[in-house]
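J.: Below you'll find structure14.cif; it's mmCIF, C-alpha atoms and all ligand atoms.
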```
data_work
#
loop_
_atom_site.label_atom_id
_atom_site.label_comp_id
_atom_site.auth_asym_id
_atom_site.auth_seq_id
_atom_site.Cartn_x
_atom_site.Cartn_y
_atom_site.Cartn_z
CA MET A 202 -47.06 124.00 94.60
CA SER A 203 -44.43 123.58 97.28
CA ASP A 204 -46.03 120.54 98.87
CA SER A 205 -46.44 118.56 95.65
CA PRO A 206 -44.50 115.30 95.77
CA GLU A 207 -41.25 114.79 93.86
CA PRO A 208 -41.71 113.22 90.41
CA ARG A 209 -40.79 109.54 90.45
CA HIS A 210 -39.33 107.85 87.40
CA TYR A 211 -39.66 104.11 86.97
CA ARG A 212 -38.59 101.50 84.48
CA ALA A 213 -42.16 100.32 83.99
CA LEU A 214 -45.62 101.18 85.21
CA PHE A 215 -48.68 98.89 85.13
CA LEU A 216 -52.26 100.19 85.40
CA SER A 217 -55.58 98.48 84.86
CA ASP A 218 -59.31 98.70 85.52
CA VAL A 219 -59.61 102.49 85.37
CA HIS A 220 -63.16 102.24 83.91
CA LEU A 221 -63.18 105.66 82.23
CA GLY A 222 -66.74 106.41 81.19
CA THR A 223 -68.27 105.31 84.49
CA ARG A 224 -69.14 107.32 87.57
CA GLY A 225 -67.05 105.03 89.75
CA CYS A 226 -63.79 105.93 88.00
CA GLN A 227 -61.40 107.86 90.26
CA ALA A 228 -60.02 109.96 87.37
CA ASP A 229 -58.87 112.86 89.57
CA MET A 230 -56.88 110.53 91.78
CA LEU A 231 -55.33 108.90 88.72
CA LEU A 232 -54.41 112.32 87.30
CA ASP A 233 -52.62 113.19 90.54
CA PHE A 234 -50.83 109.87 90.38
CA LEU A 235 -49.79 110.35 86.73
CA ARG A 236 -48.39 113.80 87.55
CA VAL A 237 -45.95 112.15 89.97
CA TYR A 238 -45.29 108.78 88.34
CA ASP A 239 -43.55 108.37 85.03
CA ALA A 240 -41.90 105.41 83.34
CA GLU A 241 -40.01 104.25 80.27
CA THR A 242 -42.76 101.75 79.52
CA ILE A 243 -46.39 102.09 80.57
CA TYR A 244 -48.65 99.06 80.39
CA LEU A 245 -52.40 99.67 80.28
CA VAL A 246 -53.59 96.26 81.40
CA GLY A 247 -57.21 96.45 80.25
CA ASP A 248 -60.59 97.92 81.28
CA ILE A 249 -59.11 101.40 80.91
CA VAL A 250 -62.19 102.65 79.04
CA ASP A 251 -65.53 101.07 79.88
CA GLY A 252 -67.18 100.54 76.51
CA TRP A 253 -69.99 98.43 77.95
CA ARG A 254 -71.23 101.36 80.03
CA LEU A 255 -70.69 103.97 77.32
CA ARG A 256 -73.06 102.04 75.09
CA ARG A 257 -75.90 102.47 77.52
CA GLN A 258 -75.27 105.93 78.85
CA TRP A 259 -72.75 108.58 77.91
CA TYR A 260 -70.73 109.71 80.93
CA TRP A 261 -67.53 111.48 79.99
CA PRO A 262 -66.47 114.42 82.19
CA GLN A 263 -63.37 116.54 81.46
CA SER A 264 -61.24 114.61 83.97
CA HIS A 265 -61.72 111.42 81.94
CA ASN A 266 -60.48 113.25 78.85
CA ASP A 267 -57.54 114.54 80.87
CA VAL A 268 -56.47 111.00 81.78
CA ILE A 269 -56.39 110.03 78.08
CA GLN A 270 -54.51 113.24 77.19
CA LYS A 271 -52.02 112.67 79.97
CA LEU A 272 -51.27 109.13 78.77
CA LEU A 273 -50.97 110.23 75.13
CA ARG A 274 -48.63 113.03 76.18
CA LYS A 275 -46.41 110.52 77.96
CA ALA A 276 -46.33 108.49 74.74
CA ARG A 277 -45.41 111.61 72.72
CA LYS A 278 -42.63 112.40 75.15
CA GLY A 279 -41.05 109.02 74.50
CA ALA A 280 -42.68 106.53 76.85
CA ARG A 281 -43.56 103.24 75.24
CA VAL A 282 -47.28 102.71 75.94
CA ILE A 283 -48.72 99.22 75.50
CA TYR A 284 -52.44 98.54 75.85
CA THR A 285 -53.72 95.00 76.48
CA PRO A 286 -57.53 95.36 76.30
CA GLY A 287 -59.89 93.75 78.79
CA ASN A 288 -63.53 92.74 78.61
CA HIS A 289 -64.84 96.27 79.20
CA ASP A 290 -62.71 97.74 76.41
CA GLU A 291 -63.07 94.70 74.22
CA PHE A 292 -63.89 96.91 71.19
CA LEU A 293 -60.12 97.49 71.05
CA ARG A 294 -59.60 93.78 70.40
CA ASP A 295 -60.69 94.50 66.82
CA TYR A 296 -57.47 96.57 66.54
CA LEU A 297 -54.87 94.15 67.93
CA GLY A 298 -51.45 94.73 66.38
CA THR A 299 -52.18 98.36 65.51
CA HIS A 300 -51.01 101.68 66.94
CA PHE A 301 -53.01 104.79 67.77
CA GLY A 302 -51.40 107.98 69.01
CA GLY A 303 -48.23 106.05 69.80
CA VAL A 304 -50.08 103.42 71.82
CA GLU A 305 -49.57 99.76 70.83
CA VAL A 306 -52.62 97.49 71.14
CA VAL A 307 -51.93 93.80 71.77
CA ASP A 308 -53.85 90.93 73.37
CA SER A 309 -50.97 90.14 75.68
CA VAL A 310 -47.27 90.90 75.83
CA ILE A 311 -44.14 89.68 77.59
CA HIS A 312 -42.45 92.21 79.86
CA GLU A 313 -38.79 91.55 80.48
CA GLY A 314 -37.71 92.80 83.89
CA ALA A 315 -34.38 94.51 84.57
CA ASP A 316 -33.15 91.21 86.05
CA GLY A 317 -34.08 89.29 82.87
CA ARG A 318 -37.18 87.63 84.35
CA ARG A 319 -40.11 87.45 81.96
CA TYR A 320 -43.70 88.29 82.79
CA LEU A 321 -46.89 87.64 80.86
CA VAL A 322 -48.91 90.88 80.81
CA ILE A 323 -52.62 90.22 80.17
CA HIS A 324 -55.93 91.57 81.48
CA GLY A 325 -57.21 88.20 82.73
CA ASP A 326 -60.86 87.94 81.64
CA GLN A 327 -59.66 85.44 79.04
CA PHE A 328 -59.60 82.90 81.90
CA ASP A 329 -63.07 83.50 83.37
CA VAL A 330 -64.33 80.13 82.09
CA VAL A 331 -61.20 78.43 83.39
CA VAL A 332 -61.70 79.99 86.83
CA ARG A 333 -65.34 78.88 86.96
CA HIS A 334 -64.67 75.31 85.90
CA ALA A 335 -61.20 74.78 87.34
CA LYS A 336 -62.02 71.36 88.83
CA TRP A 337 -63.47 69.88 85.65
CA LEU A 338 -60.70 71.25 83.50
CA ALA A 339 -58.00 69.83 85.73
CA PHE A 340 -59.72 66.46 85.40
CA LEU A 341 -60.19 66.62 81.63
CA GLY A 342 -56.73 67.92 80.79
CA ASP A 343 -55.10 70.17 78.26
CA TRP A 344 -57.55 69.88 75.35
CA ALA A 345 -60.41 70.96 77.61
CA TYR A 346 -58.38 73.89 78.87
CA THR A 347 -57.70 75.08 75.32
CA ALA A 348 -61.36 74.57 74.40
CA ALA A 349 -62.48 76.57 77.45
CA LEU A 350 -60.30 79.51 76.43
CA GLY A 351 -61.89 79.44 72.96
CA ILE A 352 -65.40 79.25 74.39
CA ASN A 353 -64.67 82.22 76.64
CA THR A 354 -63.62 84.36 73.66
CA TRP A 355 -66.61 83.43 71.48
CA LEU A 356 -69.11 83.81 74.30
CA ASN A 357 -68.00 87.36 74.94
CA ILE A 358 -67.94 88.30 71.26
CA PHE A 359 -71.49 86.95 70.97
CA ARG A 360 -72.66 88.85 74.04
CA ARG A 361 -71.09 92.07 72.76
CA LYS A 362 -72.61 91.76 69.26
CA ALA A 363 -75.99 90.94 70.81
CA GLY A 364 -75.73 94.11 72.91
CA LEU A 365 -75.85 92.16 76.14
CA THR A 366 -73.98 93.25 79.21
CA TYR A 367 -70.72 91.57 79.95
CA TRP A 368 -71.12 88.56 82.16
CA SER A 369 -69.33 89.54 85.34
CA LEU A 370 -66.96 87.11 86.99
CA SER A 371 -66.85 89.04 90.24
CA ALA A 372 -70.65 89.29 90.46
CA TRP A 373 -70.86 85.58 89.79
CA ALA A 374 -68.25 84.89 92.44
CA LYS A 375 -70.18 86.87 95.03
CA LEU A 376 -73.25 84.78 94.32
CA LYS A 377 -71.66 81.38 93.96
CA VAL A 378 -68.65 81.39 96.17
CA LYS A 379 -69.14 81.68 99.89
CA ASN A 380 -66.14 83.83 100.46
CA ALA A 381 -64.40 86.19 98.10
CA VAL A 382 -61.00 84.97 99.25
CA ASN A 383 -61.71 81.59 97.73
CA PHE A 384 -62.60 83.19 94.40
CA ILE A 385 -59.58 85.49 94.37
CA GLY A 386 -57.37 82.45 95.02
CA LYS A 387 -58.92 80.59 92.09
CA PHE A 388 -58.26 83.49 89.75
CA GLU A 389 -54.70 83.89 90.97
CA GLU A 390 -54.06 80.18 90.53
CA ALA A 391 -55.51 80.15 86.99
CA LEU A 392 -53.32 83.07 85.92
CA SER A 393 -50.24 81.61 87.61
CA ASN A 394 -50.83 78.32 85.79
CA GLU A 395 -51.13 80.14 82.47
CA ALA A 396 -47.79 81.91 83.06
CA ARG A 397 -46.20 78.55 83.82
CA ARG A 398 -47.77 77.04 80.70
CA ARG A 399 -46.20 79.81 78.61
CA GLY A 400 -42.80 79.22 80.17
CA VAL A 401 -42.38 82.66 81.76
CA ASP A 402 -41.43 83.66 85.32
CA GLY A 403 -44.62 85.44 86.32
CA VAL A 404 -47.79 87.25 85.33
CA VAL A 405 -49.03 90.83 85.58
CA CYS A 406 -52.81 91.09 85.26
CA GLY A 407 -55.90 92.97 86.44
CA HIS A 408 -59.63 92.24 86.04
CA ILE A 409 -60.62 91.26 89.60
CA HIS A 410 -59.89 94.67 91.20
CA HIS A 411 -57.68 93.13 93.82
CA ALA A 412 -54.06 94.30 93.86
CA ALA A 413 -51.54 91.68 94.92
CA MET A 414 -47.95 90.61 94.58
CA HIS A 415 -46.87 87.15 95.73
CA ASP A 416 -45.48 83.72 94.79
CA ARG A 417 -48.23 81.66 96.41
CA PHE A 418 -48.67 79.42 93.36
CA GLY A 419 -44.98 78.80 92.75
CA ILE A 420 -44.61 81.68 90.32
CA ARG A 421 -44.67 85.46 90.67
CA TYR A 422 -48.29 86.69 90.57
CA ILE A 423 -48.87 90.44 90.26
CA ASN A 424 -52.25 92.15 90.03
CA THR A 425 -52.44 95.91 89.40
CA GLY A 426 -55.77 96.36 91.21
CA ASP A 427 -58.01 99.21 90.01
CA TRP A 428 -58.88 102.92 90.00
CA VAL A 429 -62.50 102.50 91.08
CA GLU A 430 -62.12 101.55 94.72
CA SER A 431 -58.53 100.90 95.68
CA CYS A 432 -56.46 103.28 93.44
CA THR A 433 -53.47 100.97 93.05
CA ALA A 434 -50.69 100.48 90.52
CA ILE A 435 -47.56 98.41 90.05
CA ALA A 436 -44.19 99.95 89.25
CA GLU A 437 -40.83 98.41 88.44
CA THR A 438 -37.79 100.37 89.63
CA HIS A 439 -34.72 100.80 87.42
CA ASP A 440 -32.99 98.03 89.37
CA GLY A 441 -35.83 95.60 88.76
CA GLN A 442 -37.79 95.77 92.03
CA PHE A 443 -41.55 95.62 91.78
CA GLU A 444 -43.64 97.89 93.99
CA LEU A 445 -47.33 97.87 94.73
CA ILE A 446 -48.45 101.48 95.10
CA ARG A 447 -51.57 102.31 97.05
CA TRP A 448 -52.35 105.90 96.15
CA ALA A 449 -53.61 107.93 99.10
CA LYS A 450 -56.86 109.77 99.40
CA PRO A 451 -56.19 113.46 98.77
CA SER A 452 -55.68 115.46 101.95
CA GLY A 453 -57.96 118.42 102.61
CA LEU A 454 -55.54 120.91 101.07
CA GLY A 455 -55.24 119.17 97.74
CA ALA A 456 -51.84 117.64 98.40
CA VAL A 457 -51.62 113.99 97.52
CA VAL A 458 -49.12 111.61 98.99
CA PRO A 459 -48.55 107.99 98.11
CA ALA A 460 -50.08 106.03 100.96
CA SER A 461 -47.66 103.17 100.73
CA ARG A 462 -45.31 101.32 98.51
CA GLU A 463 -44.84 97.63 99.17
CA ARG A 464 -41.91 95.74 97.76
CA ALA A 465 -41.97 92.13 96.75
CA ALA A 466 -39.99 89.79 98.95
CA ALA A 467 -36.66 89.13 97.26
MN MN B 501 -62.07 93.10 83.43
#
```
Could you write out this file's structure as structure tokens?
Ligand SMILES: [Mn+2]

T.:
Amino acid sequence: MSDSPEPRHYRALFLSDVHLGTRGCQADMLLDFLRVYDAETIYLVGDIVDGWRLRRQWYWPQSHNDVIQKLLRKARKGARVIYTPGNHDEFLRDYLGTHFGGVEVVDSVIHEGADGRRYLVIHGDQFDVVVRHAKWLAFLGDWAYTAALGINTWLNIFRRKAGLTYWSLSAWAKLKVKNAVNFIGKFEEALSNEARRRGVDGVVCGHIHHAAMHDRFGIRYINTGDWVESCTAIAETHDGQFELIRWAKPSGLGAVVPASRERAAA
């Protein structure tokens, strides 16, 4: 097709919160995106497949298969594909440290940028309890923080084994927090603090479906957003620049153009 955009090759690509297996997933948009965007390393930053929904009701159209096939093909063609599961694809956490179809499954990983800066790559649900009880934890100190992380893990394993739905941080935030901005800020601060605690230069995460790229908490915070509402991704250029890509709605004639690419302030 003459009007199809030029393929774009990046050093790294970060995607999260695709929620394959749900009706909300914008699989066709993601397929268009993956036809254009390619990278040496592709990070799947959790909630790619929605296991919680699949349990209740099977929804798996061809386009969802195509997304998986497309990613596996990229792996076969030499891309390094790293999958850090989230709460909705938590079943993959039973396979941490293993490979399937050339895809590495890890809880979290450090991405080293072209400029040598190091980023913690993690879905982010691991800090739900920390986000909810930030005030208390700050008061009680490091032992409480560590304990909260442990509680978060066990609580979710219990809920999953009991066949309960995943407790949703964003639903809770809508109920409890007057404005969503406040909640987003709390999440961003918790993840920034964790990156600092681990001695790295920044964090790349997902989970809250809110793409962002800033240094508001004294450290680089990057969120990949989602492919349910916003259709966003993060890409690192070969010279180490990070871009937030907001993929456009398809035009009437089937041509898709990237709506915008924002660069981080130097
Ligand atoms: Mn999540």

J.: Within 9 Å of ligand MN 501 (chain B) (counting all atoms listed in the file), which residues show up? I'd like them as a ChimeraX atom specification.

T.: /A:217-218,247-248,286-290,324-326,369-370,407-410

J.: Take the residues from that selection and put them in a file with C-alpha atoms, as an mmCIF file, in the coordinates of the input.

T.:
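The result, written out as again-v2.cif:
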```cif
data_model
loop_
_atom_site.group_PDB
_atom_site.id
_atom_site.type_symbol
_atom_site.label_atom_id
_atom_site.label_comp_id
_atom_site.auth_asym_id
_atom_site.auth_seq_id
_atom_site.Cartn_x
_atom_site.Cartn_y
_atom_site.Cartn_z
ATOM 1 C CA SER A 217 -55.580 98.480 84.860
ATOM 2 C CA ASP A 218 -59.310 98.700 85.520
ATOM 3 C CA GLY A 247 -57.210 96.450 80.250
ATOM 4 C CA ASP A 248 -60.590 97.920 81.280
ATOM 5 C CA PRO A 286 -57.530 95.360 76.300
ATOM 6 C CA GLY A 287 -59.890 93.750 78.790
ATOM 7 C CA ASN A 288 -63.530 92.740 78.610
ATOM 8 C CA HIS A 289 -64.840 96.270 79.200
ATOM 9 C CA ASP A 290 -62.710 97.740 76.410
ATOM 10 C CA HIS A 324 -55.930 91.570 81.480
ATOM 11 C CA GLY A 325 -57.210 88.200 82.730
ATOM 12 C CA ASP A 326 -60.860 87.940 81.640
ATOM 13 C CA SER A 369 -69.330 89.540 85.340
ATOM 14 C CA LEU A 370 -66.960 87.110 86.990
ATOM 15 C CA GLY A 407 -55.900 92.970 86.440
ATOM 16 C CA HIS A 408 -59.630 92.240 86.040
ATOM 17 C CA ILE A 409 -60.620 91.260 89.600
ATOM 18 C CA HIS A 410 -59.890 94.670 91.200
#
```

J.: Take the point (-38.6, 105.3, 84.8) as written in the file and pick out every residue within 9 Å of it, counting only C-alpha atoms; give the list as a PyMOL selection string.

T.: chain A and resi 209-214+238-242+436-439

J.: List as a count of residues only the protein and nucleic acid residues near Tyr296 of chain A, meaning an atom at most 12 Å away when only C-alpha atoms are counted, but skip any in the same chain fewer than 4 places from it.

T.: 13

J.: If we draw a sphere of 10 Å around (-49.9, 79.4, 94.8), which residues have at least one atom in it when counting all atoms listed in the file? Please report them as a count of residues only.

T.: 15

J.: Would you mind telling me which residue in A:Asp267, A:His312, A:Ile323, A:Gly441 lies nearest to Asn424 of chain A when using all atoms listed in the file?

T.: A:Ile323
